Amino acid sequence: MISTTDTLRILLVEDNPADAKLLKLILEEEMPGHFEMVHETYLKEALLTFSEGNFDAVMLDLSLPDSNGVETLSRMSSVASDVPIVVLTGLDDEELAQKALQFGAQDYLVKGQKERTALLRSLRYAIERHQSQKNLMDRLEWLAFQDPLTGLLNRRGLQKELLEAVRSPLFNGSNLFALIIGLDNFKPILDNLGRMAGDAVLKEVSQRLKACLPSKARGGWLWGDEFMVLLPAAQTGEAVFYAESIRNAVGDSPVTWSSQSIRASLSVGVVLVPQNTGTIDELSSHAHFVLAQSKTGGKNRTSYSWENRIFSRDSGQWKKDPAFGRFFVEPQPIYRLTDNHLAGYELLIRTHLPGFENPEDFFRLCLQANVMSLMDYQALKTCVEYSASMTSGLRFHLNVFPSTLLDIPLEDLLECLTSGGGLFCVEISEKRINGDPSHLAETIQALKKRGVKIGLDEVGFGYSSLESLLLLEPDVIKMSQKFFEGIEADPAKIRSMKRFLKMSESLEAEVIVEGIQKPSELDILRQMGVPYGEGKAWKRLE
């Protein structure tokens, strides 16, 4: 219903100035302050105005200088399908108006009528009828594409999402993954407990599946005991992480039904969707080869394909896999901006685990397997050992999770970072600090007393920077690329950088700007007095 407090934005398309003025006067008297009218004389301009605005209704004269009859309605409907259209007609054109209703108009108004209530009633009923129809269509679409038992997409819904994903321009530039998920031993549940118990298990599994997925993912029920998830814009490691999250969410606790506890588990296959895939059946056939590895390997595990090989593991196997804890180091040079002299290296950790080139994906998996701090500590030791083979006198920056500083005994951290005699700076990512950063203070102070510098990484990422800067008193501040990107053409960013440098100076902290991509950025940062930086700009100077 339209209340008296609603403000209606109306597009009036009318070539007669007198009729347009009358309509506006009526609305001003009957709805003072509760409407906004935009008037256009030509259909061409009206179509453009509608596409640029946000309107609640369109009042449309069918006889315009550049369009006439039902064609006028058809052209307006092509861009205004989501709002009601009220047709304006002359006293002798009521037959045309009735025809317009058959072509999608919500109502019509005979110009020249003196009843003010007719105009308001027509607008109100048109908007309300249109909203009712839209609600009905939304409900019908939900019924067409959603499964009522599980609340997930049905096969038709999955097919729709698949086609939209593979036809998207983004598909050529990013990966689309599919997770095909089989409910283990579902037939014995049906045989022993019946269909109602089976439905209860399917509903609970569906709820747990949905709770694990990011907003970009789409989950559906294929048939029987099988589900599918479409995950766009992802890497292999990210897809495996969500597969493991779903598998553990189902396997970690039983489903309760009629005072009984029903144990359920999942086997999962993760595949990269080929670009020529057109149907869910094709995709299912492709993915079943990977799912079969999980089923035949003992069930309750995740398998994934990578470089035409299939890897299958459960959580325990992830930890025992020889590749799981094997790391290598990629040194990232840090330069002094005043003379482009090499000042040190950030030692970036990489993994040998197939499909987990991105360390973010690897450590997400470690978190799922409850071994993140142990793996991070192993990565730290790998970086320290690597530094021993490099030129002495340089400073080496090591990335450490805040949770590792709390979980690993302080004496072990000190032994790792001080026994070799290297010059180290432990970088803590500010975006990974959960809650009050003061809980890290004791460990940080102990490291600083032993000569280890502390850096705060990704400052400017959008988190509580000031609190972290004041409480942790870092020796080094790493500024995120997002903070200064495009600074050479943005006076506001220049002003922000100057303020940031003054604040850093007052904190007696060195500044390192990471991700400097262009020589033009390098030049302006140097002129502003930024002391250190890293990025691809130096390679482009070679």
# chains A, B, ... in the order shown; residues from 1 in each chain; ligands from 1
call {"tool": "residues_around", "arguments": {"residues": "Gly316 in chain A", "least_positions_apart": "2", "cutoff": "12 Å", "atoms": "only C-alpha atoms", "output": "list in words"}}
result
Glu244, Asn248, Asn300, Arg301, Thr302, Ser312, Arg313, Asp314, Trp318, Lys319, Lys320, Asp321, Phe324, Cys366, Gln368, Ala369, Asn370 and Val371 of chain A
call {"tool": "write_last_selection", "arguments": {"atoms": "all heavy atoms", "output": "compact mmCIF listing (two decimals), in the first residue's frame"}}
result
# COMPACT_ATOMS: atom_id res chain seq x y z
N GLU A 244 36.43 -28.66 2.16
CA GLU A 244 36.77 -29.21 3.47
C GLU A 244 35.88 -28.62 4.56
O GLU A 244 35.49 -29.31 5.52
CB GLU A 244 38.23 -28.93 3.79
CG GLU A 244 39.20 -29.85 3.06
CD GLU A 244 39.13 -31.26 3.62
OE1 GLU A 244 39.79 -31.54 4.65
OE2 GLU A 244 38.39 -32.09 3.05
N ASN A 248 33.65 -31.08 6.84
CA ASN A 248 33.81 -31.12 8.30
C ASN A 248 32.55 -30.66 9.02
O ASN A 248 32.23 -31.17 10.10
CB ASN A 248 35.00 -30.25 8.71
CG ASN A 248 36.32 -30.87 8.32
OD1 ASN A 248 36.45 -32.09 8.28
ND2 ASN A 248 37.30 -30.06 7.99
N ASN A 300 34.28 -39.88 3.00
CA ASN A 300 34.54 -38.81 3.97
C ASN A 300 35.89 -38.15 3.70
O ASN A 300 36.72 -37.99 4.58
CB ASN A 300 34.49 -39.35 5.40
CG ASN A 300 34.48 -38.22 6.43
OD1 ASN A 300 34.08 -37.10 6.13
ND2 ASN A 300 34.93 -38.51 7.63
N ARG A 301 36.10 -37.74 2.45
CA ARG A 301 37.34 -37.07 2.08
C ARG A 301 37.08 -36.16 0.88
O ARG A 301 36.05 -36.24 0.23
CB ARG A 301 38.44 -38.07 1.77
CG ARG A 301 38.16 -38.99 0.58
CD ARG A 301 39.20 -40.09 0.50
NE ARG A 301 39.15 -40.91 1.71
CZ ARG A 301 40.24 -41.43 2.30
NH1 ARG A 301 41.43 -41.23 1.78
NH2 ARG A 301 40.11 -42.17 3.38
N THR A 302 38.05 -35.30 0.59
CA THR A 302 37.97 -34.37 -0.53
C THR A 302 39.02 -34.72 -1.56
O THR A 302 40.18 -34.95 -1.21
CB THR A 302 38.19 -32.92 -0.05
OG1 THR A 302 37.12 -32.55 0.82
CG2 THR A 302 38.22 -31.95 -1.22
N SER A 312 43.54 -36.92 -3.47
CA SER A 312 42.44 -37.25 -2.57
C SER A 312 42.96 -37.38 -1.15
O SER A 312 43.91 -38.14 -0.90
CB SER A 312 41.78 -38.57 -3.00
OG SER A 312 40.72 -38.90 -2.14
N ARG A 313 42.35 -36.61 -0.21
CA ARG A 313 42.81 -36.63 1.17
C ARG A 313 41.65 -36.33 2.11
O ARG A 313 40.73 -35.61 1.76
CB ARG A 313 43.91 -35.58 1.42
CG ARG A 313 45.15 -35.72 0.55
CD ARG A 313 46.05 -34.52 0.74
NE ARG A 313 47.28 -34.64 -0.01
CZ ARG A 313 47.41 -34.26 -1.27
NH1 ARG A 313 46.38 -33.76 -1.90
NH2 ARG A 313 48.58 -34.37 -1.88
N ASP A 314 41.75 -36.88 3.33
CA ASP A 314 40.90 -36.39 4.40
C ASP A 314 41.74 -35.47 5.27
O ASP A 314 42.90 -35.21 4.97
CB ASP A 314 40.29 -37.55 5.20
CG ASP A 314 41.36 -38.43 5.85
OD1 ASP A 314 42.50 -37.96 6.06
OD2 ASP A 314 41.05 -39.59 6.16
N TRP A 318 45.82 -34.58 5.06
CA TRP A 318 46.40 -33.27 4.75
C TRP A 318 47.63 -33.04 5.62
O TRP A 318 48.67 -32.58 5.16
CB TRP A 318 45.39 -32.16 5.01
CG TRP A 318 44.31 -32.01 3.98
CD1 TRP A 318 42.98 -32.21 4.17
CD2 TRP A 318 44.46 -31.64 2.60
NE1 TRP A 318 42.30 -31.99 3.00
CE2 TRP A 318 43.17 -31.63 2.03
CE3 TRP A 318 45.55 -31.31 1.81
CZ2 TRP A 318 42.96 -31.30 0.71
CZ3 TRP A 318 45.33 -30.98 0.48
CH2 TRP A 318 44.06 -30.98 -0.06
N LYS A 319 47.49 -33.37 6.91
CA LYS A 319 48.59 -33.11 7.84
C LYS A 319 49.77 -34.02 7.56
O LYS A 319 50.93 -33.64 7.77
CB LYS A 319 48.10 -33.32 9.28
CG LYS A 319 46.94 -32.42 9.68
CD LYS A 319 46.47 -32.77 11.08
CE LYS A 319 45.17 -32.08 11.43
NZ LYS A 319 44.68 -32.44 12.77
N LYS A 320 49.50 -35.28 7.12
CA LYS A 320 50.56 -36.25 6.93
C LYS A 320 51.20 -36.16 5.55
O LYS A 320 52.26 -36.77 5.32
CB LYS A 320 50.00 -37.66 7.13
CG LYS A 320 49.49 -37.92 8.55
CD LYS A 320 48.82 -39.28 8.65
CE LYS A 320 48.22 -39.51 10.02
NZ LYS A 320 47.49 -40.80 10.10
N ASP A 321 50.55 -35.44 4.63
CA ASP A 321 51.07 -35.37 3.27
C ASP A 321 52.49 -34.79 3.28
O ASP A 321 52.73 -33.74 3.87
CB ASP A 321 50.16 -34.47 2.43
CG ASP A 321 50.47 -34.57 0.94
OD1 ASP A 321 51.65 -34.39 0.57
OD2 ASP A 321 49.54 -34.82 0.17
N PHE A 324 52.72 -31.21 2.49
CA PHE A 324 51.92 -30.26 3.24
C PHE A 324 52.78 -29.22 3.96
O PHE A 324 52.45 -28.06 4.01
CB PHE A 324 51.05 -31.02 4.26
CG PHE A 324 49.98 -30.16 4.86
CD1 PHE A 324 48.84 -29.86 4.13
CD2 PHE A 324 50.09 -29.67 6.15
CE1 PHE A 324 47.83 -29.07 4.67
CE2 PHE A 324 49.09 -28.89 6.70
CZ PHE A 324 47.96 -28.60 5.96
N CYS A 366 45.10 -24.82 6.32
CA CYS A 366 45.73 -25.12 7.61
C CYS A 366 44.79 -24.77 8.76
O CYS A 366 44.71 -25.50 9.76
CB CYS A 366 47.03 -24.33 7.75
SG CYS A 366 48.35 -24.87 6.66
N GLN A 368 41.56 -24.81 8.63
CA GLN A 368 40.52 -25.84 8.63
C GLN A 368 41.01 -27.12 9.29
O GLN A 368 40.26 -27.82 9.98
CB GLN A 368 40.07 -26.13 7.19
CG GLN A 368 38.93 -27.11 7.07
CD GLN A 368 37.64 -26.52 7.60
OE1 GLN A 368 37.33 -25.36 7.32
NE2 GLN A 368 36.88 -27.28 8.35
N ALA A 369 42.30 -27.42 9.11
CA ALA A 369 42.87 -28.65 9.68
C ALA A 369 43.44 -28.44 11.08
O ALA A 369 44.06 -29.35 11.64
CB ALA A 369 43.98 -29.16 8.74
N ASN A 370 43.23 -27.24 11.64
CA ASN A 370 43.67 -26.92 13.00
C ASN A 370 45.18 -27.01 13.18
O ASN A 370 45.68 -27.42 14.23
CB ASN A 370 42.98 -27.83 14.03
CG ASN A 370 41.49 -27.61 14.07
OD1 ASN A 370 41.03 -26.47 14.06
ND2 ASN A 370 40.73 -28.69 14.09
N VAL A 371 45.93 -26.63 12.15
CA VAL A 371 47.39 -26.68 12.25
C VAL A 371 48.01 -25.37 11.76
O VAL A 371 49.19 -25.34 11.41
CB VAL A 371 47.98 -27.87 11.46
CG1 VAL A 371 47.58 -29.19 12.09
CG2 VAL A 371 47.56 -27.82 9.98
call {"tool": "residues_around", "arguments": {"residues": "Ala292 in chain A", "least_positions_apart": "3", "cutoff": "9 Å", "atoms": "only C-alpha atoms", "output": "PyMOL selection string"}}
result
chain A and resi 267-269+287-289+295-297+303
call {"tool": "atom_distance", "arguments": {"atom1": "CA of Cys425 in chain A", "atom2": "CA of Gly393 in chain A"}}
result
13.2 Å
call {"tool": "residues_around", "arguments": {"residues": "Thr7 in chain A", "least_positions_apart": "6", "cutoff": "8 Å", "atoms": "only C-alpha atoms", "output": "compact mmCIF listing (two decimals) with C-alpha atoms, in the first residue's frame"}}
result
# COMPACT_ATOMS: atom_id res chain seq x y z
CA GLY A 33 5.66 17.28 -0.76
CA HIS A 34 5.14 13.58 -1.47
CA PHE A 35 5.92 13.33 -5.16
CA GLU A 36 8.56 14.33 -7.67
call {"tool": "closest_atom_pairs", "arguments": {"of": "range 222-336 of chain A", "to": "range 190-204 of chain A", "cutoff": "8 Å", "atoms": "only C-alpha atoms", "output": "CSV"}}
result
residue,atom,partner,partner_atom,distance
A:Asp225,CA,A:Leu202,CA,7.8
A:Val255,CA,A:Val201,CA,6.4
A:Trp257,CA,A:Ala197,CA,6.6
A:Ile262,CA,A:Val201,CA,7.9
A:Ala264,CA,A:Val201,CA,7.8
call {"tool": "residues_around", "arguments": {"residues": "Arg364 in chain A", "least_positions_apart": "5", "cutoff": "12 Å", "atoms": "only C-alpha atoms", "output": "count of residues only"}}
result
20
call {"tool": "residues_around", "arguments": {"residues": "Ile512 in chain A", "least_positions_apart": "5", "cutoff": "12 Å", "atoms": "only C-alpha atoms", "output": "ChimeraX atom specification"}}
result
/A:333-337,343-346,397,427,455-459,475-481,500-501,504,525-526,529-535
call {"tool": "write_last_selection", "arguments": {"atoms": "N, CA, C and O atoms", "output": "CSV table (one decimal), in the first residue's frame"}}
result
chain,number,residue,atom,x,y,z
A,333,PRO,N,62.8,-7.8,-2.8
A,333,PRO,CA,63.7,-6.8,-2.4
A,333,PRO,C,63.0,-5.6,-1.8
A,333,PRO,O,61.9,-5.2,-2.2
A,334,ILE,N,63.7,-4.9,-0.8
A,334,ILE,CA,63.2,-3.7,-0.2
A,334,ILE,C,64.3,-2.6,-0.5
A,334,ILE,O,65.5,-2.9,-0.2
A,335,TYR,N,63.9,-1.5,-1.1
A,335,TYR,CA,64.9,-0.5,-1.5
A,335,TYR,C,64.8,0.8,-0.7
A,335,TYR,O,63.7,1.1,-0.2
A,336,ARG,N,65.9,1.4,-0.6
A,336,ARG,CA,65.9,2.8,0.0
A,336,ARG,C,65.6,3.7,-1.1
A,336,ARG,O,66.3,3.8,-2.1
A,337,LEU,N,64.6,4.6,-1.0
A,337,LEU,CA,64.1,5.4,-2.1
A,337,LEU,C,65.1,6.5,-2.5
A,337,LEU,O,65.1,6.9,-3.6
A,343,ALA,N,68.1,-2.4,0.6
A,343,ALA,CA,68.2,-2.3,2.1
A,343,ALA,C,67.9,-3.6,2.8
A,343,ALA,O,68.2,-3.8,4.0
A,344,GLY,N,67.2,-4.5,2.1
A,344,GLY,CA,66.8,-5.8,2.7
A,344,GLY,C,65.9,-6.6,1.9
A,344,GLY,O,65.7,-6.3,0.7
A,345,TYR,N,65.3,-7.6,2.4
A,345,TYR,CA,64.3,-8.5,1.7
A,345,TYR,C,63.1,-8.8,2.6
A,345,TYR,O,63.3,-9.0,3.8
A,346,GLU,N,62.0,-8.9,2.0
A,346,GLU,CA,60.9,-9.5,2.6
A,346,GLU,C,60.9,-11.0,2.1
A,346,GLU,O,60.8,-11.2,0.9
A,397,HIS,N,62.6,-9.3,6.5
A,397,HIS,CA,61.3,-9.2,7.0
A,397,HIS,C,60.5,-10.5,6.9
A,397,HIS,O,60.5,-11.1,5.8
A,427,GLU,N,56.8,-9.1,10.7
A,427,GLU,CA,55.7,-8.3,10.3
A,427,GLU,C,54.4,-9.0,10.6
A,427,GLU,O,54.2,-10.2,10.4
A,455,GLY,N,57.1,-5.0,12.8
A,455,GLY,CA,56.5,-4.3,11.7
A,455,GLY,C,55.0,-4.5,11.7
A,455,GLY,O,54.5,-5.7,12.0
A,456,LEU,N,54.2,-3.5,11.4
A,456,LEU,CA,52.8,-3.7,11.2
A,456,LEU,C,52.5,-3.6,9.8
A,456,LEU,O,52.7,-2.5,9.1
A,457,ASP,N,52.0,-4.7,9.2
A,457,ASP,CA,51.8,-4.8,7.8
A,457,ASP,C,50.3,-4.4,7.4
A,457,ASP,O,49.4,-4.5,8.2
A,458,GLU,N,50.2,-4.0,6.1
A,458,GLU,CA,48.9,-3.7,5.5
A,458,GLU,C,48.2,-2.6,6.2
A,458,GLU,O,47.0,-2.6,6.3
A,459,VAL,N,48.9,-1.6,6.8
A,459,VAL,CA,48.3,-0.4,7.4
A,459,VAL,C,47.6,0.4,6.2
A,459,VAL,O,48.2,0.5,5.2
A,475,ASP,N,58.2,-0.8,15.1
A,475,ASP,CA,59.4,-0.1,14.6
A,475,ASP,C,59.3,0.2,13.1
A,475,ASP,O,59.9,1.1,12.6
A,476,VAL,N,58.4,-0.6,12.4
A,476,VAL,CA,58.3,-0.4,11.0
A,476,VAL,C,56.8,-0.4,10.7
A,476,VAL,O,56.0,-1.2,11.2
A,477,ILE,N,56.4,0.4,9.7
A,477,ILE,CA,55.0,0.5,9.3
A,477,ILE,C,55.0,0.2,7.8
A,477,ILE,O,55.6,0.9,7.0
A,478,LYS,N,54.3,-0.9,7.4
A,478,LYS,CA,54.1,-1.2,6.0
A,478,LYS,C,52.8,-0.7,5.5
A,478,LYS,O,51.8,-1.0,6.0
A,479,MET,N,52.9,0.2,4.5
A,479,MET,CA,51.6,0.8,4.0
A,479,MET,C,51.1,0.0,2.8
A,479,MET,O,51.8,-0.3,1.9
A,480,SER,N,49.8,-0.3,2.9
A,480,SER,CA,49.1,-1.0,1.8
A,480,SER,C,49.1,-0.3,0.5
A,480,SER,O,49.0,1.0,0.5
A,481,GLN,N,49.2,-1.0,-0.6
A,481,GLN,CA,49.2,-0.4,-1.9
A,481,GLN,C,47.9,0.4,-2.1
A,481,GLN,O,47.8,1.4,-2.8
A,500,PHE,N,50.2,10.9,7.0
A,500,PHE,CA,50.6,9.6,7.5
A,500,PHE,C,52.1,9.7,7.9
A,500,PHE,O,52.6,9.1,8.9
A,501,LEU,N,52.9,10.3,7.0
A,501,LEU,CA,54.4,10.4,7.2
A,501,LEU,C,54.7,11.2,8.5
A,501,LEU,O,55.6,10.8,9.3
A,504,SER,N,53.9,8.9,11.4
A,504,SER,CA,54.9,7.9,11.6
A,504,SER,C,56.2,8.4,12.2
A,504,SER,O,56.8,7.8,13.0
A,525,LEU,N,56.6,9.5,-4.5
A,525,LEU,CA,56.8,9.0,-3.1
A,525,LEU,C,58.2,9.4,-2.6
A,525,LEU,O,58.4,9.8,-1.4
A,526,ARG,N,59.2,9.4,-3.5
A,526,ARG,CA,60.6,9.8,-3.1
A,526,ARG,C,60.6,11.3,-2.8
A,526,ARG,O,61.2,11.7,-1.8
A,529,GLY,N,59.4,12.1,0.6
A,529,GLY,CA,60.2,11.7,1.8
A,529,GLY,C,60.0,10.3,2.3
A,529,GLY,O,60.4,10.0,3.4
A,530,VAL,N,59.3,9.5,1.5
A,530,VAL,CA,59.1,8.1,1.9
A,530,VAL,C,60.4,7.4,1.9
A,530,VAL,O,61.1,7.4,0.9
A,531,PRO,N,60.8,6.7,3.0
A,531,PRO,CA,62.2,6.2,3.1
A,531,PRO,C,62.4,4.9,2.3
A,531,PRO,O,63.5,4.7,1.7
A,532,TYR,N,61.5,3.9,2.4
A,532,TYR,CA,61.7,2.6,1.8
A,532,TYR,C,60.5,2.2,1.0
A,532,TYR,O,59.3,2.6,1.3
A,533,GLY,N,60.7,1.3,0.1
A,533,GLY,CA,59.6,0.7,-0.7
A,533,GLY,C,60.0,-0.6,-1.4
A,533,GLY,O,61.1,-1.0,-1.4
A,534,GLU,N,58.9,-1.3,-1.9
A,534,GLU,CA,59.1,-2.5,-2.6
A,534,GLU,C,58.1,-2.6,-3.7
A,534,GLU,O,57.0,-2.0,-3.6
A,535,GLY,N,58.4,-3.3,-4.7
A,535,GLY,CA,57.4,-3.5,-5.8
A,535,GLY,C,58.1,-3.6,-7.2
A,535,GLY,O,59.3,-3.8,-7.3
call {"tool": "select_by_dssp", "arguments": {"residues": "range 53-292 of chain A", "states": "strand (DSSP E)", "output": "ChimeraX atom specification"}}
result
/A:57-61,63-64,67-68,85-89,107-110,176-183,218-223,226-232,255-257,260-262,266-272
call {"tool": "atom_distance", "arguments": {"atom1": "CA of Ser51 in chain A", "atom2": "CA of Val79 in chain A"}}
result
7.1 Å
call {"tool": "select_by_dssp", "arguments": {"residues": "range 170-215 of chain A", "states": "alpha helix (DSSP H)", "output": "VMD selection string"}}
result
chain A and resid 186 to 193 195 to 212
